[in-house]
Amino acid sequence: MPVHSPSIGLAGTVGSGKSLAVEILRELGAVAIWADRIGHALLLEAEVQAEVTALLGDSVLAPGGGLDRKRIGEVVFSAPARREGYDKIIHPRLLARLRENLEALADEQRVVVVEAALIPEWGIEDWFDEVWCIRCSDARALARWKRDPELYWKIRKAQFAPERKSAKATRVIENERSQEEFRRRIEIEFEQFQRGHGG
């Protein structure tokens, strides 16, 4: 049973266009929750900082104090054992906060969209009325990627393959061409969703 209804869980591989999809859905009237932002907030907490530093070492500390998120990404995606340990620190807390955020919107009548790349990996598809998977080719994603291509592949390979993500989705939305075409596809899918979920 969904934690909040009406709701959409928005997943997809790295660089597929999830953030753009969320912005379009917000323009169409949806309320957004970003799992990444919850994760970033967790890294500001003293207990989490202590556990992450104990696992990954002082190299992930920022010069001005706190944790360096970019450095954390480089470290954990270069060492599967460290990534597994990091995920054990972050993911249970993140999922608990995510659920709290959804439950806090109990009286919200608008569609709630949760952007979280790892919805299929976490196995929380049943938290939502529908799960949408945004897909595009690696070539297209890399053209949008503004960071080290090697890091892209490390992140990409740490996630479920696109086919596996898509198999767990209610709708699969391709983002291979122009932004205008992608926007139109999101609009059509959202209209269909609202018709099917009391909108």
# chains A, B, ... in the order shown; residues from 1 in each chain; ligands from 1
$ residues_around --residues "Leu10 (chain A)" --least-positions-apart "3" --cutoff "12 Å" --atoms "only C-alpha atoms" --output "ChimeraX atom specification"
/A:7,13,16-23,25,32-35,112-120,124-125,127-135,165-166,168-173,186
$ residues_around --residues "Phe190 (chain A)" --least-positions-apart "3" --cutoff "10 Å" --atoms "only C-alpha atoms" --output "ChimeraX atom specification"
/A:8,24-25,28,30,111,184-187,193-196,199
$ select_by_dssp --residues "region 65-179 of chain A" --states "strand (DSSP E or B)" --output "PyMOL selection string"
chain A and resi 67+112-115+130-135+171-174
$ closest_residue --among "A:Gly66, A:Gly9, A:Gly29, A:Pro162" --to "Val52 (chain A)" --atoms "only C-alpha atoms"
A:Gly66
$ select_by_dssp --residues "region 17-196 of chain A" --states "alpha helix (DSSP H)" --output "ChimeraX atom specification"
/A:18-27,35-42,46-56,69-76,80-104,119-122,138-144,149-158,162-167,179-196
$ write_last_selection --atoms "C-alpha atoms" --output "compact mmCIF listing (two decimals), in the first residue's frame"
# COMPACT_ATOMS: atom_id res chain seq x y z
CA LYS A 18 15.45 12.49 -13.44
CA SER A 19 15.99 16.02 -12.16
CA LEU A 20 14.52 17.54 -15.31
CA ALA A 21 11.55 15.19 -15.05
CA VAL A 22 10.91 16.34 -11.47
CA GLU A 23 11.08 19.99 -12.47
CA ILE A 24 8.55 19.39 -15.24
CA LEU A 25 6.24 17.54 -12.83
CA ARG A 26 6.51 20.40 -10.34
CA GLU A 27 5.50 22.82 -13.07
CA ALA A 35 16.22 11.61 -1.76
CA ASP A 36 19.60 13.18 -2.56
CA ARG A 37 18.73 16.25 -0.50
CA ILE A 38 17.79 14.05 2.45
CA GLY A 39 21.13 12.27 2.03
CA HIS A 40 22.99 15.58 1.93
CA ALA A 41 21.26 16.72 5.14
CA LEU A 42 22.27 13.48 6.86
CA ALA A 46 27.56 14.79 13.86
CA GLU A 47 26.79 11.10 14.41
CA VAL A 48 26.79 10.39 10.68
CA GLN A 49 29.97 12.39 10.15
CA ALA A 50 31.72 10.39 12.85
CA GLU A 51 30.63 7.04 11.38
CA VAL A 52 31.55 8.02 7.81
CA THR A 53 34.96 9.35 8.86
CA ALA A 54 35.65 6.18 10.88
CA LEU A 55 34.85 4.11 7.78
CA LEU A 56 36.47 6.17 5.03
CA ARG A 69 30.54 14.92 -0.67
CA LYS A 70 32.54 14.91 -3.90
CA ARG A 71 35.44 13.17 -2.19
CA ILE A 72 33.09 10.65 -0.57
CA GLY A 73 31.72 9.78 -4.02
CA GLU A 74 35.22 9.25 -5.40
CA VAL A 75 36.19 6.99 -2.49
CA VAL A 76 33.08 4.84 -2.20
CA PRO A 80 32.94 -1.77 -3.41
CA ALA A 81 33.57 -2.80 0.22
CA ARG A 82 33.69 0.83 1.31
CA ARG A 83 30.57 1.60 -0.68
CA GLU A 84 28.76 -1.26 1.03
CA GLY A 85 29.82 0.05 4.44
CA TYR A 86 28.83 3.59 3.52
CA ASP A 87 25.44 2.44 2.27
CA LYS A 88 24.84 0.66 5.60
CA ILE A 89 25.41 3.95 7.39
CA ILE A 90 23.33 6.15 5.10
CA HIS A 91 20.54 4.11 3.53
CA PRO A 92 18.59 3.02 6.63
CA ARG A 93 18.55 6.59 7.91
CA LEU A 94 17.68 7.95 4.47
CA LEU A 95 14.78 5.56 4.00
CA ALA A 96 13.43 6.37 7.46
CA ARG A 97 13.55 10.12 6.70
CA LEU A 98 12.06 9.58 3.27
CA ARG A 99 9.12 7.72 4.76
CA GLU A 100 8.69 10.45 7.39
CA ASN A 101 8.60 13.05 4.61
CA LEU A 102 5.91 11.11 2.77
CA GLU A 103 3.85 10.58 5.91
CA ALA A 104 4.10 14.29 6.75
CA ILE A 119 13.97 2.90 -5.66
CA PRO A 120 14.32 -0.49 -7.42
CA GLU A 121 17.52 -1.33 -5.56
CA TRP A 122 15.91 -0.48 -2.22
CA ASP A 138 24.97 5.90 -22.00
CA ALA A 139 26.16 8.11 -24.84
CA ARG A 140 23.33 10.56 -24.18
CA ALA A 141 23.88 10.49 -20.42
CA LEU A 142 27.62 11.07 -20.80
CA ALA A 143 26.93 14.07 -23.05
CA ARG A 144 25.04 15.62 -20.12
CA PRO A 149 33.46 10.01 -17.20
CA GLU A 150 35.23 7.30 -15.20
CA LEU A 151 33.09 8.22 -12.17
CA TYR A 152 29.98 7.99 -14.35
CA TRP A 153 30.77 4.38 -15.19
CA LYS A 154 31.55 3.50 -11.58
CA ILE A 155 28.18 4.89 -10.45
CA ARG A 156 26.36 3.35 -13.39
CA LYS A 157 27.78 -0.12 -12.71
CA ALA A 158 26.95 0.15 -9.00
CA PRO A 162 18.62 -0.10 -17.06
CA GLU A 163 16.68 -3.19 -18.09
CA ARG A 164 16.39 -4.36 -14.50
CA LYS A 165 15.26 -0.93 -13.30
CA SER A 166 12.72 -0.74 -16.11
CA ALA A 167 11.31 -4.17 -15.24
CA GLN A 179 13.99 18.49 -24.01
CA GLU A 180 10.77 19.55 -25.72
CA GLU A 181 9.96 15.96 -26.68
CA PHE A 182 10.82 14.74 -23.20
CA ARG A 183 8.63 17.42 -21.64
CA ARG A 184 5.71 16.45 -23.85
CA ARG A 185 6.10 12.79 -22.92
CA ILE A 186 6.11 13.66 -19.20
CA GLU A 187 3.00 15.78 -19.68
CA ILE A 188 1.16 12.92 -21.41
CA GLU A 189 2.19 10.35 -18.79
CA PHE A 190 1.24 12.69 -15.93
CA GLU A 191 -2.17 13.36 -17.43
CA GLN A 192 -2.74 9.61 -17.71
CA PHE A 193 -1.56 9.09 -14.14
CA GLN A 194 -3.95 11.72 -12.81
CA ARG A 195 -6.87 10.17 -14.66
CA GLY A 196 -6.04 6.80 -13.16
$ closest_residue --among "A:Leu105, A:Ala161, A:Val60, A:Ala79" --to "Val31 (chain A)" --atoms "only C-alpha atoms"
A:Leu105
$ closest_residue --among "A:Ala106, A:Ala11, A:His4, A:Phe77" --to "Gly123 (chain A)" --atoms "only C-alpha atoms"
A:Ala11
$ atom_distance --atom1 "CA of Asn175 (chain A)" --atom2 "CA of Gly15 (chain A)"
10.1 Å
$ atom_distance --atom1 "CA of Trp145 (chain A)" --atom2 "CA of Asp68 (chain A)"
19.8 Å
